[in-house]
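The file run14.txt contains compact mmCIF, C-alpha atoms:
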```
# COMPACT_ATOMS: atom_id res chain seq x y z
CA MET A 1 -51.88 -15.29 -20.29
CA PHE A 2 -48.83 -14.09 -18.39
CA ILE A 3 -47.92 -15.52 -14.99
CA SER A 4 -46.13 -13.62 -12.24
CA ILE A 5 -42.63 -14.41 -10.98
CA VAL A 6 -44.13 -15.58 -7.68
CA GLU A 7 -46.45 -18.00 -9.50
CA LEU A 8 -43.53 -19.24 -11.61
CA GLN A 9 -41.45 -19.89 -8.48
CA GLU A 10 -44.30 -21.85 -6.91
CA SER A 11 -45.10 -23.88 -10.02
CA VAL A 12 -41.54 -24.95 -10.90
CA PRO A 13 -39.93 -27.48 -8.52
CA LEU A 14 -36.75 -26.55 -6.69
CA TRP A 15 -34.73 -29.37 -8.27
CA PHE A 16 -35.34 -27.84 -11.71
CA TRP A 17 -34.10 -24.44 -10.54
CA ALA A 18 -31.06 -26.12 -8.94
CA ILE A 19 -30.08 -27.99 -12.11
CA TRP A 20 -30.60 -24.86 -14.18
CA ALA A 21 -28.45 -22.78 -11.78
CA PHE A 22 -25.56 -25.26 -11.95
CA LEU A 23 -25.66 -25.50 -15.76
CA VAL A 24 -25.80 -21.73 -16.20
CA GLY A 25 -23.02 -21.28 -13.64
CA SER A 26 -20.72 -23.76 -15.36
CA CYS A 27 -21.32 -22.04 -18.72
CA ILE A 28 -20.52 -18.68 -17.13
CA GLY A 29 -17.41 -20.31 -15.68
CA SER A 30 -16.38 -21.31 -19.20
CA PHE A 31 -16.67 -17.67 -20.27
CA LEU A 32 -14.72 -16.59 -17.17
CA ASN A 33 -11.84 -18.79 -18.33
CA VAL A 34 -11.69 -16.67 -21.49
CA VAL A 35 -11.66 -13.51 -19.38
CA ILE A 36 -8.99 -14.92 -17.06
CA TYR A 37 -6.71 -15.83 -19.98
CA ARG A 38 -7.17 -12.80 -22.23
CA LEU A 39 -7.45 -9.74 -19.96
CA PRO A 40 -3.98 -9.99 -18.32
CA ARG A 41 -2.48 -10.36 -21.82
CA GLY A 42 -4.18 -7.26 -23.15
CA GLY A 43 -6.62 -9.22 -25.27
CA SER A 44 -10.33 -8.72 -25.90
CA VAL A 45 -13.00 -11.08 -24.60
CA ASN A 46 -14.93 -10.48 -27.83
CA THR A 47 -12.16 -10.88 -30.42
CA PRO A 48 -11.67 -13.56 -31.58
CA ALA A 49 -15.26 -14.58 -30.91
CA ARG A 50 -14.47 -18.28 -30.55
CA SER A 51 -12.22 -19.84 -27.94
CA TYR A 52 -8.85 -21.13 -29.12
CA CYS A 53 -6.06 -23.35 -27.83
CA PRO A 54 -3.31 -21.28 -26.18
CA SER A 55 -0.67 -23.66 -27.60
CA CYS A 56 -1.59 -24.12 -31.28
CA LYS A 57 -4.13 -21.24 -31.60
CA ALA A 58 -6.63 -23.60 -33.26
CA SER A 59 -10.28 -22.63 -32.80
CA ILE A 60 -12.16 -24.90 -30.42
CA ALA A 61 -15.34 -26.52 -31.78
CA TRP A 62 -18.52 -26.16 -29.76
CA TYR A 63 -18.55 -29.85 -28.86
CA ASP A 64 -15.04 -29.48 -27.38
CA ASN A 65 -16.09 -26.45 -25.38
CA LEU A 66 -18.76 -27.98 -23.17
CA PRO A 67 -18.11 -27.05 -19.54
CA ILE A 68 -16.39 -29.81 -17.52
CA ILE A 69 -17.60 -32.57 -19.90
CA SER A 70 -15.26 -31.71 -22.79
CA PHE A 71 -12.23 -31.66 -20.49
CA LEU A 72 -13.06 -35.16 -19.26
CA VAL A 73 -13.81 -36.50 -22.76
CA LEU A 74 -10.57 -35.09 -24.18
CA ARG A 75 -8.65 -36.27 -21.08
CA GLY A 76 -7.27 -32.80 -20.53
CA ARG A 77 -5.65 -32.39 -23.96
CA CYS A 78 -6.28 -30.25 -27.04
CA ARG A 79 -7.87 -32.26 -29.86
CA ALA A 80 -5.69 -30.52 -32.48
CA CYS A 81 -2.18 -30.48 -30.96
CA ARG A 82 -2.60 -32.76 -27.93
CA ALA A 83 -1.14 -30.11 -25.63
CA LYS A 84 -2.20 -30.38 -22.00
CA ILE A 85 -5.14 -28.27 -20.87
CA SER A 86 -4.80 -26.70 -17.44
CA TRP A 87 -6.98 -28.07 -14.65
CA GLN A 88 -7.90 -24.45 -14.01
CA TYR A 89 -10.51 -24.63 -16.77
CA PRO A 90 -12.78 -27.36 -15.36
CA LEU A 91 -12.19 -26.18 -11.78
CA VAL A 92 -13.36 -22.63 -12.57
CA GLU A 93 -16.41 -24.05 -14.38
CA LEU A 94 -17.20 -26.40 -11.48
CA ALA A 95 -16.65 -23.72 -8.83
CA THR A 96 -18.88 -21.20 -10.62
CA GLY A 97 -21.59 -23.82 -11.13
CA LEU A 98 -21.52 -24.77 -7.45
CA LEU A 99 -21.58 -21.12 -6.40
CA PHE A 100 -24.65 -20.43 -8.52
CA LEU A 101 -26.31 -23.58 -7.18
CA THR A 102 -25.57 -22.61 -3.56
CA THR A 103 -26.86 -19.09 -4.18
CA LEU A 104 -30.10 -20.45 -5.65
CA LEU A 105 -30.61 -22.72 -2.65
CA ALA A 106 -29.84 -19.91 -0.21
CA PHE A 107 -31.87 -17.08 -1.78
CA GLY A 108 -34.32 -18.80 -4.11
CA PRO A 109 -35.03 -17.79 -7.73
CA THR A 110 -35.17 -14.07 -6.95
CA LEU A 111 -33.64 -10.82 -8.14
CA ARG A 112 -31.27 -10.97 -5.18
CA CYS A 113 -30.09 -14.41 -6.34
CA PHE A 114 -29.41 -13.09 -9.86
CA LEU A 115 -27.47 -10.05 -8.61
CA ASN A 116 -25.42 -12.21 -6.23
CA CYS A 117 -24.54 -14.56 -9.10
CA VAL A 118 -23.27 -11.68 -11.25
CA PHE A 119 -21.19 -10.47 -8.28
CA GLU A 120 -19.81 -13.99 -7.73
CA ALA A 121 -18.79 -14.36 -11.37
CA ALA A 122 -16.77 -11.12 -11.26
CA VAL A 123 -15.13 -12.08 -7.97
CA VAL A 124 -14.15 -15.56 -9.26
CA ALA A 125 -12.44 -13.95 -12.25
CA LEU A 126 -10.57 -11.52 -9.97
CA ILE A 127 -9.44 -14.34 -7.65
CA VAL A 128 -7.97 -16.46 -10.42
CA ILE A 129 -6.37 -13.55 -12.30
CA ASP A 130 -4.73 -12.25 -9.12
CA PHE A 131 -3.53 -15.76 -8.25
CA ASN A 132 -2.02 -16.26 -11.71
CA ASP A 133 -0.75 -12.80 -12.58
CA GLN A 134 -0.91 -10.68 -9.39
CA ILE A 135 -3.09 -8.04 -11.04
CA LEU A 136 -6.71 -6.99 -10.59
CA PRO A 137 -7.87 -5.59 -13.96
CA ASP A 138 -9.72 -2.28 -14.08
CA ALA A 139 -11.82 -3.88 -16.84
CA ILE A 140 -13.53 -5.90 -14.09
CA THR A 141 -13.35 -3.75 -10.96
CA LEU A 142 -14.54 -0.44 -12.42
CA PRO A 143 -17.56 -1.81 -14.34
CA GLY A 144 -18.14 -3.93 -11.24
CA LEU A 145 -18.46 -0.75 -9.18
CA GLY A 146 -21.10 0.56 -11.59
CA PHE A 147 -22.94 -2.75 -11.40
CA ALA A 148 -22.81 -2.74 -7.59
CA LEU A 149 -24.40 0.71 -7.38
CA LEU A 150 -27.07 -0.28 -9.90
CA ALA A 151 -27.77 -3.46 -7.91
CA ARG A 152 -28.24 -1.38 -4.77
CA MET A 153 -30.81 0.77 -6.54
CA LEU A 154 -32.68 -2.30 -7.82
CA ASP A 155 -32.65 -4.31 -4.59
CA HIS A 156 -32.60 -2.79 -1.10
CA HIS A 157 -32.14 -6.06 0.78
CA LEU A 158 -28.89 -5.12 2.51
CA VAL A 159 -28.78 -1.94 4.56
CA GLY A 160 -26.39 -2.89 7.34
CA LEU A 161 -26.49 -4.32 10.83
CA PRO A 162 -27.69 -2.24 13.82
CA TRP A 163 -24.19 -1.92 15.28
CA MET A 164 -23.03 -0.02 12.20
CA ASN A 165 -25.87 2.47 12.64
CA LEU A 166 -25.05 2.90 16.32
CA PHE A 167 -21.38 3.47 15.50
CA VAL A 168 -22.10 6.15 12.87
CA GLU A 169 -24.74 7.80 15.06
CA GLY A 170 -22.17 8.06 17.82
CA LEU A 171 -19.80 9.87 15.43
CA VAL A 172 -22.16 12.28 13.68
CA GLY A 173 -25.06 12.46 16.14
CA ARG A 174 -27.68 11.36 13.63
CA PRO A 175 -28.99 7.88 12.80
CA LEU A 176 -28.44 6.42 9.37
CA PRO A 177 -31.40 5.64 7.10
CA MET A 178 -31.90 1.89 7.42
CA THR A 179 -34.54 1.18 4.79
CA GLY A 180 -35.31 1.78 1.15
CA LEU A 181 -33.19 3.26 -1.61
CA THR A 182 -31.54 5.86 0.61
CA GLY A 183 -30.50 3.27 3.19
CA SER A 184 -29.15 0.98 0.48
CA LEU A 185 -27.04 3.69 -1.16
CA VAL A 186 -25.78 5.04 2.17
CA ASN A 187 -24.65 1.56 3.09
CA ALA A 188 -22.92 1.24 -0.28
CA VAL A 189 -20.96 4.41 0.44
CA LEU A 190 -20.05 3.05 3.88
CA GLY A 191 -18.80 -0.17 2.30
CA MET A 192 -16.67 1.71 -0.21
CA ALA A 193 -15.22 3.94 2.50
CA ILE A 194 -14.46 1.06 4.87
CA GLY A 195 -13.06 -1.30 2.24
CA ALA A 196 -11.15 0.97 -0.12
CA GLY A 197 -10.31 3.53 2.54
CA THR A 198 -8.73 0.97 4.85
CA LEU A 199 -6.58 -0.56 2.11
CA TRP A 200 -5.60 2.85 0.78
CA MET A 201 -4.40 3.97 4.20
CA LEU A 202 -2.49 0.72 4.72
CA GLY A 203 -1.01 0.55 1.24
CA VAL A 204 -0.48 4.05 -0.05
CA GLY A 205 0.12 5.42 3.42
CA TYR A 206 2.79 2.81 4.11
CA PHE A 207 4.41 3.46 0.75
CA ARG A 208 4.57 7.20 1.26
CA LEU A 209 5.32 7.47 4.95
CA ARG A 210 7.75 4.69 5.83
CA ALA A 211 11.16 5.67 4.52
CA PHE A 212 14.36 3.64 4.83
CA PRO A 213 17.49 5.84 5.07
CA ILE A 214 20.19 4.92 2.56
CA ARG A 215 23.70 6.02 3.51
CA THR A 216 25.98 3.33 2.06
CA PRO A 217 25.96 1.00 -0.99
CA GLU A 218 25.20 -1.82 1.45
CA ASP A 219 22.08 0.03 2.64
CA LEU A 220 20.93 0.34 -0.97
CA THR A 221 21.56 -3.34 -1.63
CA ASP A 222 19.72 -4.36 1.53
CA PHE A 223 16.75 -2.16 0.65
CA LEU A 224 16.40 -3.27 -2.98
CA LYS A 225 17.21 -6.98 -2.56
CA ARG A 226 15.90 -7.90 0.88
CA ARG A 227 13.15 -5.47 1.74
CA CYS A 228 11.46 -5.25 -1.67
CA VAL A 229 9.13 -7.93 -2.97
CA VAL A 230 10.28 -9.22 -6.36
CA GLY A 231 8.74 -7.23 -9.19
CA THR A 232 7.12 -4.49 -7.09
CA LEU A 233 8.01 -0.83 -7.21
CA ALA A 234 10.42 0.84 -4.85
CA ARG A 235 10.40 4.62 -4.58
CA LEU A 236 13.84 6.19 -4.29
CA LYS A 237 14.17 9.73 -3.02
CA VAL A 238 16.92 11.36 -5.05
CA ARG A 239 18.92 14.58 -4.69
CA ARG A 240 20.06 15.81 -8.07
CA ALA A 241 23.50 17.30 -8.67
CA SER A 242 21.75 20.68 -8.91
CA GLY A 243 20.37 20.23 -5.39
CA GLN A 244 16.80 19.63 -6.56
CA ARG A 245 14.97 16.64 -5.03
CA SER A 246 12.75 14.19 -6.89
CA ALA A 247 11.49 10.60 -6.80
CA VAL A 248 12.46 7.69 -9.06
CA TYR A 249 10.63 4.35 -9.14
CA VAL A 250 12.59 1.14 -9.72
CA ILE A 251 11.80 -2.56 -9.69
CA GLY A 252 13.03 -4.22 -6.51
CA GLY A 253 13.58 -7.73 -5.21
CA ASP A 254 16.24 -10.42 -5.29
CA PHE A 255 15.96 -12.05 -8.70
CA SER A 256 18.50 -14.72 -7.74
CA GLU A 257 15.84 -16.37 -5.57
CA LEU A 258 13.58 -16.98 -8.57
CA SER A 259 13.59 -20.25 -10.48
CA PRO A 260 14.30 -20.04 -14.26
CA GLU A 261 10.58 -20.52 -14.88
CA GLU A 262 9.61 -17.74 -12.48
CA LEU A 263 12.27 -15.45 -13.95
CA ALA A 264 10.96 -16.08 -17.47
CA GLU A 265 7.41 -15.30 -16.40
CA ALA A 266 8.47 -12.12 -14.62
CA GLU A 267 9.15 -10.33 -17.94
CA PHE A 268 11.74 -8.06 -16.35
CA ALA A 269 14.77 -10.35 -16.31
CA PRO A 270 17.92 -8.33 -15.55
CA SER A 271 20.96 -8.29 -17.78
CA ASN A 272 24.18 -10.12 -16.92
CA ALA A 273 26.28 -6.99 -16.49
CA GLY A 274 26.79 -7.06 -12.74
CA SER A 275 28.19 -4.38 -10.48
CA ARG A 276 28.71 -4.28 -6.76
CA GLU A 277 25.87 -6.57 -5.59
CA LEU A 278 23.26 -4.57 -7.46
CA SER A 279 22.99 -6.95 -10.43
CA MET A 280 19.78 -8.48 -9.10
CA THR A 281 17.74 -5.28 -9.23
CA ALA A 282 16.52 -2.80 -11.78
CA LEU A 283 19.74 -0.86 -11.07
CA ASP A 284 21.68 -3.59 -12.86
CA GLY A 285 25.03 -2.21 -13.95
CA ALA A 286 24.80 1.08 -12.05
CA GLN A 287 28.06 2.03 -10.31
CA VAL A 288 27.63 3.60 -6.87
CA GLU A 289 29.69 4.96 -4.01
CA ALA A 290 29.06 6.43 -0.57
CA GLY A 291 28.30 10.12 -0.87
CA GLU A 292 27.24 12.98 1.36
CA ARG A 293 24.22 11.71 3.36
CA GLY A 294 23.38 9.13 0.70
CA VAL A 295 24.65 6.89 -2.10
CA ARG A 296 25.94 8.68 -5.19
CA ILE A 297 25.50 7.29 -8.71
CA THR A 298 28.82 7.37 -10.55
CA SER A 299 27.78 5.75 -13.85
CA ILE A 300 24.62 4.47 -15.51
CA PRO A 301 24.37 1.78 -18.23
CA ASP A 302 22.76 2.87 -21.47
CA ASP A 303 19.83 0.45 -21.19
CA LEU A 304 18.86 1.35 -17.60
CA GLU A 305 15.91 3.49 -18.70
CA GLN A 306 14.25 0.34 -20.06
CA THR A 307 13.75 -0.99 -16.54
CA VAL A 308 13.40 2.18 -14.48
CA GLU A 309 10.36 4.46 -14.25
CA GLY A 310 11.90 7.88 -14.11
CA ARG A 311 15.48 8.82 -14.81
CA LEU A 312 18.70 8.53 -12.84
CA GLU A 313 21.81 10.45 -13.85
CA PRO A 314 25.46 10.18 -12.79
CA GLY A 315 25.92 12.54 -9.88
CA ASP A 316 22.47 11.85 -8.41
CA THR A 317 22.44 10.87 -4.74
CA ILE A 318 19.93 8.33 -3.44
CA ILE A 319 18.82 9.48 0.02
CA SER A 320 16.08 7.02 1.06
CA GLY A 321 13.66 4.40 -0.21
CA ASN A 322 9.97 3.61 0.29
CA LEU A 323 8.35 0.22 -0.17
CA GLU A 324 5.19 -0.44 -2.12
CA GLY A 325 2.62 -1.78 0.32
CA MET A 326 -0.83 -2.53 -1.09
CA GLY A 327 -1.46 -2.19 -4.80
CA LEU A 328 -4.19 0.17 -6.00
CA GLY A 329 -5.83 -2.82 -7.70
CA ASP A 330 -6.86 -4.06 -4.25
CA VAL A 331 -8.28 -0.63 -3.44
CA LYS A 332 -10.38 -0.59 -6.63
CA MET A 333 -11.53 -4.13 -5.96
CA MET A 334 -12.78 -3.08 -2.51
CA LEU A 335 -14.67 -0.15 -4.03
CA PHE A 336 -16.61 -2.75 -6.03
CA VAL A 337 -16.95 -5.27 -3.19
CA GLY A 338 -17.77 -2.62 -0.58
CA ALA A 339 -20.47 -0.99 -2.71
CA PHE A 340 -22.17 -4.33 -3.28
CA LEU A 341 -21.90 -5.78 0.23
CA GLY A 342 -22.30 -2.63 2.31
CA GLY A 343 -20.45 -1.43 5.39
CA SER A 344 -21.06 -4.29 7.79
CA LEU A 345 -20.16 -7.12 5.45
CA THR A 346 -17.16 -5.19 4.11
CA PHE A 347 -15.83 -5.14 7.65
CA PHE A 348 -16.33 -8.92 7.67
CA VAL A 349 -14.41 -9.20 4.38
CA LEU A 350 -11.41 -7.28 5.72
CA LEU A 351 -11.42 -9.33 8.91
CA VAL A 352 -11.55 -12.72 7.16
CA ALA A 353 -9.11 -11.72 4.40
CA SER A 354 -6.56 -10.59 6.99
CA LEU A 355 -6.92 -13.91 8.80
CA LEU A 356 -6.49 -15.85 5.54
CA GLY A 357 -3.43 -13.76 4.70
CA VAL A 358 -1.84 -14.66 8.03
CA LEU A 359 -2.67 -18.35 7.58
CA VAL A 360 -0.97 -18.32 4.16
CA ALA A 361 2.01 -16.10 5.00
CA VAL A 362 3.12 -17.68 8.29
CA PRO A 363 3.77 -21.22 6.92
CA ARG A 364 5.64 -19.72 3.95
CA ILE A 365 7.88 -17.72 6.26
CA LEU A 366 8.48 -20.73 8.56
CA LEU A 367 9.36 -22.99 5.62
CA ARG A 368 11.35 -20.57 3.46
CA GLY A 369 12.48 -17.90 5.90
CA GLN A 370 13.24 -14.42 4.56
CA VAL A 371 13.10 -15.72 0.99
CA ALA A 372 9.31 -15.92 1.35
CA MET A 373 9.21 -12.17 1.89
CA GLN A 374 10.59 -11.71 -1.63
CA HIS A 375 7.39 -12.98 -3.21
CA ALA A 376 4.23 -10.89 -3.33
CA LEU A 377 1.17 -12.26 -1.58
CA PRO A 378 -1.86 -11.94 -3.89
CA PHE A 379 -4.14 -10.34 -1.33
CA GLY A 380 -6.90 -10.01 -3.92
CA VAL A 381 -7.33 -13.78 -3.64
CA MET A 382 -7.97 -13.46 0.10
CA LEU A 383 -10.34 -10.54 -0.41
CA GLY A 384 -12.26 -12.47 -3.07
CA ILE A 385 -12.65 -15.60 -0.97
CA ALA A 386 -13.77 -13.49 2.00
CA ALA A 387 -16.28 -11.63 -0.20
CA LEU A 388 -17.85 -14.91 -1.34
CA LEU A 389 -18.05 -16.13 2.25
CA ALA A 390 -19.66 -12.84 3.26
CA LEU A 391 -22.62 -13.50 0.95
CA PHE A 392 -23.58 -16.63 2.89
CA LEU A 393 -21.96 -16.35 6.31
CA GLY A 394 -21.27 -12.65 6.74
CA GLU A 395 -24.16 -11.46 8.89
CA PRO A 396 -24.31 -14.41 11.32
CA GLY A 397 -20.51 -14.65 11.39
CA LEU A 398 -20.08 -10.97 12.13
CA THR A 399 -22.77 -11.06 14.79
CA ILE A 400 -21.04 -14.00 16.53
CA TYR A 401 -17.69 -12.20 16.34
CA LEU A 402 -19.06 -8.95 17.77
CA ASP A 403 -20.90 -10.79 20.55
CA PHE A 404 -17.69 -12.62 21.44
CA LEU A 405 -15.68 -9.40 21.35
CA SER A 406 -18.25 -7.65 23.52
CA SER A 407 -18.27 -10.45 26.12
CA PHE A 408 -14.47 -10.60 26.11
CA LEU A 409 -14.11 -6.87 26.70
CA THR A 410 -16.69 -6.82 29.47
```
Would you write the structure of this file as structure tokens?
Amino acid sequence: MFISIVELQESVPLWFWAIWAFLVGSCIGSFLNVVIYRLPRGGSVNTPARSYCPSCKASIAWYDNLPIISFLVLRGRCRACRAKISWQYPLVELATGLLFLTTLLAFGPTLRCFLNCVFEAAVVALIVIDFNDQILPDAITLPGLGFALLARMLDHHLVGLPWMNLFVEGLVGRPLPMTGLTGSLVNAVLGMAIGAGTLWMLGVGYFRLRAFPIRTPEDLTDFLKRRCVVGTLARLKVRRASGQRSAVYVIGGDFSELSPEELAEAEFAPSNAGSRELSMTALDGAQVEAGERGVRITSIPDDLEQTVEGRLEPGDTIISGNLEGMGLGDVKMMLFVGAFLGGSLTFFVLLVASLLGVLVAVPRILLRGQVAMQHALPFGVMLGIAALLALFLGEPGLTIYLDFLSSFLT
């Protein structure tokens, strides 16, 4: 005789569900470590099927792959080659287990709990990958968007706070649907628009609209070395010798500020052929001179096309440069996060992530000065942490914030 989910919840004690949630979460965390290691390197999470040591490539036996326990038993070293195992592995397993446990305690053994756990697993992977490699893989964010929309069709628990409805009604003159499937999907669209739209306007808009005039070789050096974050793209507006205008993308940043380890990890180390202060950029070896309303390229090394997206030719004149602001990976991540959390909580995510970004960036600038500006801030980490907080604290936190803002303004 079958029993209902409600009867199962009532018959099984909470401590059993809690233990089960932590064990499942830590096992999922073990799988996330595979995702975190393989995806940025272009690997498959399915092939090879078994985990292996990154140092000696030896397959890891099942008894050495137990979440948290195996790391402690092996004292953080590979059984085969004795190479050190990163603390990232047990920490990801522990964090995922605790997240699943907290979610179970907060929402109970329900469909909403299951969907939140899937969301948390994806966000944990994005946080760690962005922290390690400063990328947010499409292999997570785009399927995540599909999952978020499916979750909204399966569970209509989150349809937004009243203030969001009042705001939209004031703009369009009609109230939003606040219940059922329609309300859930409308709120998903609001979350996508608020999250991805805001970052797109800040990032892509900044990249396209804010131009730095380049009139002398010193202007070009200042733009590429001091204004650009190491390893990010800079867009150069170029006037060809024929008079035609086009855009060329180069890697910017002052490579001299990187340690040998950081330079090796960057995978775009410049050559040693220096020329006129430009040897620390992707224009390594290019000879330049002041030209008519810009900086003219007089010669180009043969290997320059290996580090430049686009093509520069002798006789081209660089007129201005634009900085990359926010990567599109952050925008795609917020499509996923916004669709799952909805408009109100997406606003909370942006608010908290911006605060976390300030708290991280200000001490770095105070301690390292302008050098700190040469290193990209993995904003996906801040967005991910804020998204996890939004699951548990978003609605009460946002309500407190709006009440405070309202009382302050009045």
Selected residue of minimal separation from A:Thr198 among A:Ser407, A:Asn322, A:Ser354, A:Thr399, counting all atoms listed in the file =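 Once distances to A:Thr198 are computed over all atoms listed in the file, the minimum belongs to A:Ser354.
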inquiry  = For a quick check of your reading of the model, name the residues lying within 10 Å of the coordinate (-7.1, -31.6, -32.7), counting all atoms listed in the file, and write them as a VMD selection string.
reply    = chain A and resid 53 56 58 to 61 64 74 77 to 83
message = What's around A:Gln244 at 10 Å? Count all atoms listed in the file, leave out sequence neighbours fewer than 5 positions away in its own chain, and write the answer as number ranges by chain.
response = A: 238-239, 316
ask   = Which is closest to A:Arg226 among A:Gly243, A:Gly108, A:Gly394, A:Gly252, if we use all atoms listed in the file?
value =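 Looking only at the distances to A:Arg226, the closest residue turns out to be A:Gly252.
A straight line drawn from atom CA of A:Val337 to atom CA of A:Asp403 is 24.7 Å long.
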query = With only C-alpha atoms as the atoms that count, which of A:Gly321, A:Ile194, A:Ala234, A:Val362 lies nearest to A:Phe348?
reply =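 Checking each candidate against A:Phe348, we get A:Ile194 as the closest.
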request  = Have a look at atom CA of A:Phe71 and atom CA of A:Ala125 and let me know their distance in Å, one decimal.
outcome  = 19.5 Å
key: Closest of A:Ala247, A:Cys113, A:Leu391, A:Ala18 to A:Leu101 - atom-to-atom distances counting all atoms listed in the file   =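 The answer is A:Ala18, which sits nearest to A:Leu101.
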